[in-house]
There are 4 protein chains.
Amino acid sequence: MRVGVLTGGGDCPGLNAVIRGVVRKGVQEYGYAFTGFRDGWRGPLEGDTVRLDIAAVRGILPRGGTILGSSRTNPLQQENGIRRIKESLAKEEIDALVAIGGEDTLGVAARLADVYGVQVVGVPKTIDNDLSATDYTFGFDTAVNIATEAIDRLHTTAESHMRVLVVEVMGRHAGWIALHSGLAGGANVILIPEQRFDVDQVCAWVTSRFKASYAPIVVVAEGAMPKDGDLVLKDESLDSFGHVRLSGIGEWLAKQIERRTGKEARTTVLGHIQRGGTPSAFDRWLATRFGLHAIEAVHDGDFGTMVALRGTDIVRVPLSEATSKLKTVDPRLYAEVGVFFG
Amino acid sequence: MRVGVLTGGGDCPGLNAVIRGVVRKGVQEYGYAFTGFRDGWRGPLEGDTVRLDIAAVRGILPRGGTILGSSRTNPLQQENGIRRIKESLAKEEIDALVAIGGEDTLGVAARLADVYGVQVVGVPKTIDNDLSATDYTFGFDTAVNIATEAIDRLHTTAESHMRVLVVEVMGRHAGWIALHSGLAGGANVILIPEQRFDVDQVCAWVTSRFKASYAPIVVVAEGAMPKDGDLVLKDESLDSFGHVRLSGIGEWLAKQIERRTGKEARTTVLGHIQRGGTPSAFDRWLATRFGLHAIEAVHDGDFGTMVALRGTDIVRVPLSEATSKLKTVDPRLYAEVGVFFG
Amino acid sequence: MRVGVLTGGGDCPGLNAVIRGVVRKGVQEYGYAFTGFRDGWRGPLEGDTVRLDIAAVRGILPRGGTILGSSRTNPLQQENGIRRIKESLAKEEIDALVAIGGEDTLGVAARLADVYGVQVVGVPKTIDNDLSATDYTFGFDTAVNIATEAIDRLHTTAESHMRVLVVEVMGRHAGWIALHSGLAGGANVILIPEQRFDVDQVCAWVTSRFKASYAPIVVVAEGAMPKDGDLVLKDESLDSFGHVRLSGIGEWLAKQIERRTGKEARTTVLGHIQRGGTPSAFDRWLATRFGLHAIEAVHDGDFGTMVALRGTDIVRVPLSEATSKLKTVDPRLYAEVGVFFG
Amino acid sequence: MRVGVLTGGGDCPGLNAVIRGVVRKGVQEYGYAFTGFRDGWRGPLEGDTVRLDIAAVRGILPRGGTILGSSRTNPLQQENGIRRIKESLAKEEIDALVAIGGEDTLGVAARLADVYGVQVVGVPKTIDNDLSATDYTFGFDTAVNIATEAIDRLHTTAESHMRVLVVEVMGRHAGWIALHSGLAGGANVILIPEQRFDVDQVCAWVTSRFKASYAPIVVVAEGAMPKDGDLVLKDESLDSFGHVRLSGIGEWLAKQIERRTGKEARTTVLGHIQRGGTPSAFDRWLATRFGLHAIEAVHDGDFGTMVALRGTDIVRVPLSEATSKLKTVDPRLYAEVGVFFG
């Protein structure tokens, strides 16, 4: 039996751990052969493959990124995309496919299974942890640790200077990274995409914080939006070269706070460092177990499924669940954390 | 309403996060006053208290250890111990008590509730993660990360020299830290207390590993025992709790491997660094939520309970569950991980 | 003898280590008493003092920031500023002053010594390492480690995607942090304030890098400038809210690269996290020794001096050297590192 | 021109950075070809070579260990060892050799140069930093950071329990790692091989520390010895180099402290994790520059030399200096640090 493996979408710490788990168990326990496809669905679309055996997965466990490469190539947006993939898999004599990716990647996998009966098992991947089918996705814990460590560092400046520190973290549609890292980092304000925020309320927290102890730290998800949204997101300030200057929500918020409270504010935009580097121990554990269970599903012939975490167990759910519902932050959970604001 | 708080047993990253969560929510939402007791049950036994308010818990979130101090003082082993605690609590006008600790600490709490009707809520703490009532306990994730990072470092020596590297990690009765860090660190052998190991099998894995690639890393829980164990592992020294010290399995195993395979072996004993330092983001999240939910249980009058993690939810379980059953590694889980041995 | 201590300018990992070294040795070896002044020169200006004894400096070694607080208050820009400080020191019965800070702070110290004969010893502090009188300043090593770790993380994205990654690091006038972290992080382009860069050359390196292996990482100091400088620093691009968007040189450069090479580019702005958190071991060592030697200089009556590192020795140099000459990156050193570009 | 490269002795973070620096500059600036020899002098002795070009050194900068492997094979202890190496180099058409290693490795290099006129440039390597010819050697800073982080973690246990914590770090003949990490970690006692220690004095510091604040941390170099030492510290086991193993001073000392002070004591033996994992930014900088300057020395025909750090400059010194004198801790420096004991 020959099994294809591919990784799609944004990179995420733990992808290599999944690949290693799939291949180690597939080769040693089931005697499978493997074909790696490069750069997500681009691989089967263009017949771009890579050797994938025990030697190829040696030493990759602690490495971030993916040895298979990744891309956002979406065959659903290409002419005959799905059919061409079907043909490519046939040509490579692939009996089953393990697709590791997010909503888009698994959406294609579901189509392949539905339309052409391709034997697919999915492994969910989203650094934003916004998939309702699983308690956690790998990569998220690493991102939260990185953001938390950054917030920890900012505390020392906050303690020594009278400056508001704004940290912009990942999260376009869901505020999980902001919520977890903000709580873990002891932030004084946490803003998430699920709830439009009131700049005056933010400024009130900032001001009360200054009175109570030292300078506040504000964590804002990149997708967070103020209540009076689009209109206010203009900024006339000039940078040091005399030109108009603005970036994302973090920079915008810092300016608003400066203007309204009279306190200096500084912004850090963590960007891609949140998704890079070696995975945390939890993510290695989760990703490895996802890999082991995915190949077990292949062996069981349990196709059209996706592995998921429930409590401490790895379970299988229909592949369609991967794309069914965005897991956003429950307002009650957000309220629970609010006791630390201000 | 006045609430007492104490931390008992070995220190564990996250204790301060629990205390902070309890106090922040208790003061701000419910208007409670707090009394901290020093060094676990020694505090109420001797009437040793400490101020505990918003200012006292400021900045303690990222700090390991416990601002209340800890000890293994067990009133069950003292004359009239339980009664004296009851009296001490009455004298301090404590209406309810939040007890944070492991099997021993919560066992005393359960007795106080049963015998004297003391209003107690428990928060479970064991760095070994060996409590069946909760999916995870705080401190465990930090310990696993520390051990994993240590194993990561050893890989570079393993790649450059022909030396077997043995790492002894915590875990007297349960192998969770060994299992998680061994898997996350890519160890080639993992030995846990739940299954007596065969030294010849270990040596066979070591030898096959040398043939396949480079030098092997062996992770061994401090409580792991060889099949023909008892005789060779005696150590006459007693620790302060009067128990025979079981230390030294790592060093012992390294010598056995040297003798039987002819390969050099080196040992690292991580010891207390596994339970020290700043908690991981996950442990801060979990511990903080435990604290918030514990004080909510106090507010709800839901005494005799303990908070616990189930999936991503914090639930309440009877305090008696804390001591009912040791959560050991399931043999099937251990077998699942075995695909990476050798 | 009573010694005053203050910390001025931007915070910097290691400030607390200096304070601890000064106080420990001053009290234990020389029997001195200490007065801490809050927030740099604001402290003596406003008579704002803080207790400073052995207990006050306990446990501060690993903590970033400064327990004395800091500010950029400059008495040279205030009416009678220097005289008011002189009077304040007299009122507090300060016999000698240890001033820890950068160019500005030590400039004031030099004036106090020159004009009023105040007995001052300086300790140099600049996270940018741009002081010619000393081989290294504390805080720099920490900043370089943080930036290097960030670059390390970006490599995994670079390996998995076809994206140029731009990292903006500190350094307005000197490129030391960019140079050291860029070299240590294996960056493919390093841009420093000392040499105006040619955007076309940068794009040529980017393009050649893509051909040779995987996506390039560009490290740019915040003070780096393109050859045709001011004019091109306009940017018409719109952000996701439909508004003009631009921030610093990193963001600007990323846009230029996208436009000229057709490759996607992403920016990370590390900001204040570079100066926060626990100091590296080297910075703790250097800062502690600076503290020990500063108080020794006080004891020797060797005033008007500043401690400095030469090789592995701590020496004393005239306080005036602190402000005499900016230490910028030698063009030959920059050329030496150029072998790794592209 | 063809240049051979080898790495000998214990592994050390930064070895790969040296190799990369040598090869990058050698190929790009001088057009040299390279031959890597495996496992130190075993490579040329047995004609075991490995491809070494730009592609081979890609991505190795952040990796600990050495891609060339290492061993302690010493041709001076083999019949005709030096001559066989000379012949092997001739057979491989090696024009010049870059030897990276410690006292033993460079001693062989010096003999090759003296006896056979082999064109050798040396790069010094010792994680113990005990080489008098250079201010620092790479690997040392990484080891100190690892040990310091471990000590940081132990502080939280020390603050929460009444336990003496003993940490055994590397350093057989020189106490640099103990001194730097002990100072940076805020240890209360530091014991080094250069000065035999008095157990009663150690116990006095331990006792006074308990009175002043909380539990003490004792850092002891593996080669430190008590005043009445030799008798109690025998260990019959021999390591692979035929030397008596000196391990166990940490465990021994902990037992002595328990016995004499009545306080519980715990030991951590860091072992090989001190020399593993990714190099610190400083070590990458130093090692890379050593590599660049070594190949420049080859290009200049300046053979029989070794690169060394003096202040911030890389200089060349005679190869013989590598083995001439052990750099031990100056008693005055040790005394300077003593202000923090107890």
# chains A, B, ... in the order shown; residues from 1 in each chain; ligands from 1

call {"tool": "residues_around", "arguments": {"residues": "Ser280 in chain A", "least_positions_apart": "3", "cutoff": "9 Å", "atoms": "only C-alpha atoms", "output": "CSV table (one decimal) with C-alpha atoms, in the first residue's frame"}}
result
chain,number,residue,atom,x,y,z
A,13,PRO,CA,4.9,24.2,14.6
A,14,GLY,CA,4.2,20.5,14.7
A,62,PRO,CA,11.9,19.5,16.9
A,139,GLY,CA,0.9,25.0,16.9
A,141,ASP,CA,0.4,26.2,22.3
A,142,THR,CA,3.7,27.2,20.8
A,143,ALA,CA,2.2,30.5,19.6
A,145,ASN,CA,4.1,30.5,24.7
A,283,ASP,CA,2.4,20.5,20.4
A,284,ARG,CA,5.0,17.8,19.7
A,285,TRP,CA,2.9,15.4,21.8
B,145,ASN,CA,8.8,21.4,28.6
B,148,THR,CA,12.0,18.1,26.6
B,184,ALA,CA,8.4,15.1,22.6

call {"tool": "interface_residues", "arguments": {"of": "chain C", "to": "chain D", "cutoff": "9 Å", "atoms": "only C-alpha atoms", "output": "VMD selection string"}}
result
chain C and resid 17 21 24 to 25 28 to 29 55 58 to 59 61 to 62 135 to 136 141 144 to 146 148 to 149 152 180 to 181 183 to 186 213 280 to 285 288 to 289 292 309 to 312 336 to 337 339 to 340

call {"tool": "residues_around", "arguments": {"residues": "Gln78 in chain D", "least_positions_apart": "4", "cutoff": "12 Å", "atoms": "only C-alpha atoms", "output": "MDAnalysis selection string"}}
result
chainID D and resid 41:42 45 73:74 82:85 108

call {"tool": "write_last_selection", "arguments": {"atoms": "N, CA, C and O atoms", "output": "PDB file, in the first residue's frame"}}
result
ATOM      1  N   TRP D  41      40.789  13.393  14.467  1.00  0.00           N
ATOM      2  CA  TRP D  41      41.957  12.806  13.815  1.00  0.00           C
ATOM      3  C   TRP D  41      41.693  11.390  13.309  1.00  0.00           C
ATOM      4  O   TRP D  41      42.481  10.851  12.524  1.00  0.00           O
ATOM      5  N   ARG D  42      40.602  10.783  13.739  1.00  0.00           N
ATOM      6  CA  ARG D  42      40.255   9.481  13.168  1.00  0.00           C
ATOM      7  C   ARG D  42      40.038   9.590  11.666  1.00  0.00           C
ATOM      8  O   ARG D  42      40.370   8.675  10.905  1.00  0.00           O
ATOM      9  N   LEU D  45      43.364   9.623   9.836  1.00  0.00           N
ATOM     10  CA  LEU D  45      44.033   8.343  10.136  1.00  0.00           C
ATOM     11  C   LEU D  45      43.472   7.221   9.281  1.00  0.00           C
ATOM     12  O   LEU D  45      44.205   6.365   8.777  1.00  0.00           O
ATOM     13  N   THR D  73      40.238  10.468  19.469  1.00  0.00           N
ATOM     14  CA  THR D  73      41.359   9.744  18.870  1.00  0.00           C
ATOM     15  C   THR D  73      42.604  10.622  18.852  1.00  0.00           C
ATOM     16  O   THR D  73      42.576  11.735  18.326  1.00  0.00           O
ATOM     17  N   ASN D  74      43.679  10.139  19.454  1.00  0.00           N
ATOM     18  CA  ASN D  74      44.907  10.922  19.518  1.00  0.00           C
ATOM     19  C   ASN D  74      46.034  10.182  18.814  1.00  0.00           C
ATOM     20  O   ASN D  74      46.559   9.193  19.330  1.00  0.00           O
ATOM     21  N   ILE D  82      51.295  10.252  13.616  1.00  0.00           N
ATOM     22  CA  ILE D  82      51.508  11.524  12.923  1.00  0.00           C
ATOM     23  C   ILE D  82      51.901  11.295  11.466  1.00  0.00           C
ATOM     24  O   ILE D  82      51.398  11.970  10.558  1.00  0.00           O
ATOM     25  N   ARG D  83      52.737  10.301  11.256  1.00  0.00           N
ATOM     26  CA  ARG D  83      53.171  10.054   9.880  1.00  0.00           C
ATOM     27  C   ARG D  83      52.017   9.584   9.007  1.00  0.00           C
ATOM     28  O   ARG D  83      51.880   9.980   7.849  1.00  0.00           O
ATOM     29  N   ARG D  84      51.188   8.743   9.585  1.00  0.00           N
ATOM     30  CA  ARG D  84      50.032   8.251   8.821  1.00  0.00           C
ATOM     31  C   ARG D  84      49.095   9.388   8.445  1.00  0.00           C
ATOM     32  O   ARG D  84      48.518   9.405   7.353  1.00  0.00           O
ATOM     33  N   ILE D  85      48.968  10.336   9.351  1.00  0.00           N
ATOM     34  CA  ILE D  85      48.115  11.488   9.027  1.00  0.00           C
ATOM     35  C   ILE D  85      48.737  12.299   7.905  1.00  0.00           C
ATOM     36  O   ILE D  85      48.068  12.694   6.950  1.00  0.00           O
ATOM     37  N   VAL D 108      48.298  17.949  18.460  1.00  0.00           N
ATOM     38  CA  VAL D 108      48.611  17.139  17.283  1.00  0.00           C
ATOM     39  C   VAL D 108      48.890  18.034  16.087  1.00  0.00           C
ATOM     40  O   VAL D 108      49.846  17.816  15.324  1.00  0.00           O
TER      41      VAL D 108
END

call {"tool": "atom_distance", "arguments": {"atom1": "CA of Val22 in chain A", "atom2": "CA of Gly47 in chain A"}}
result
21.2 Å
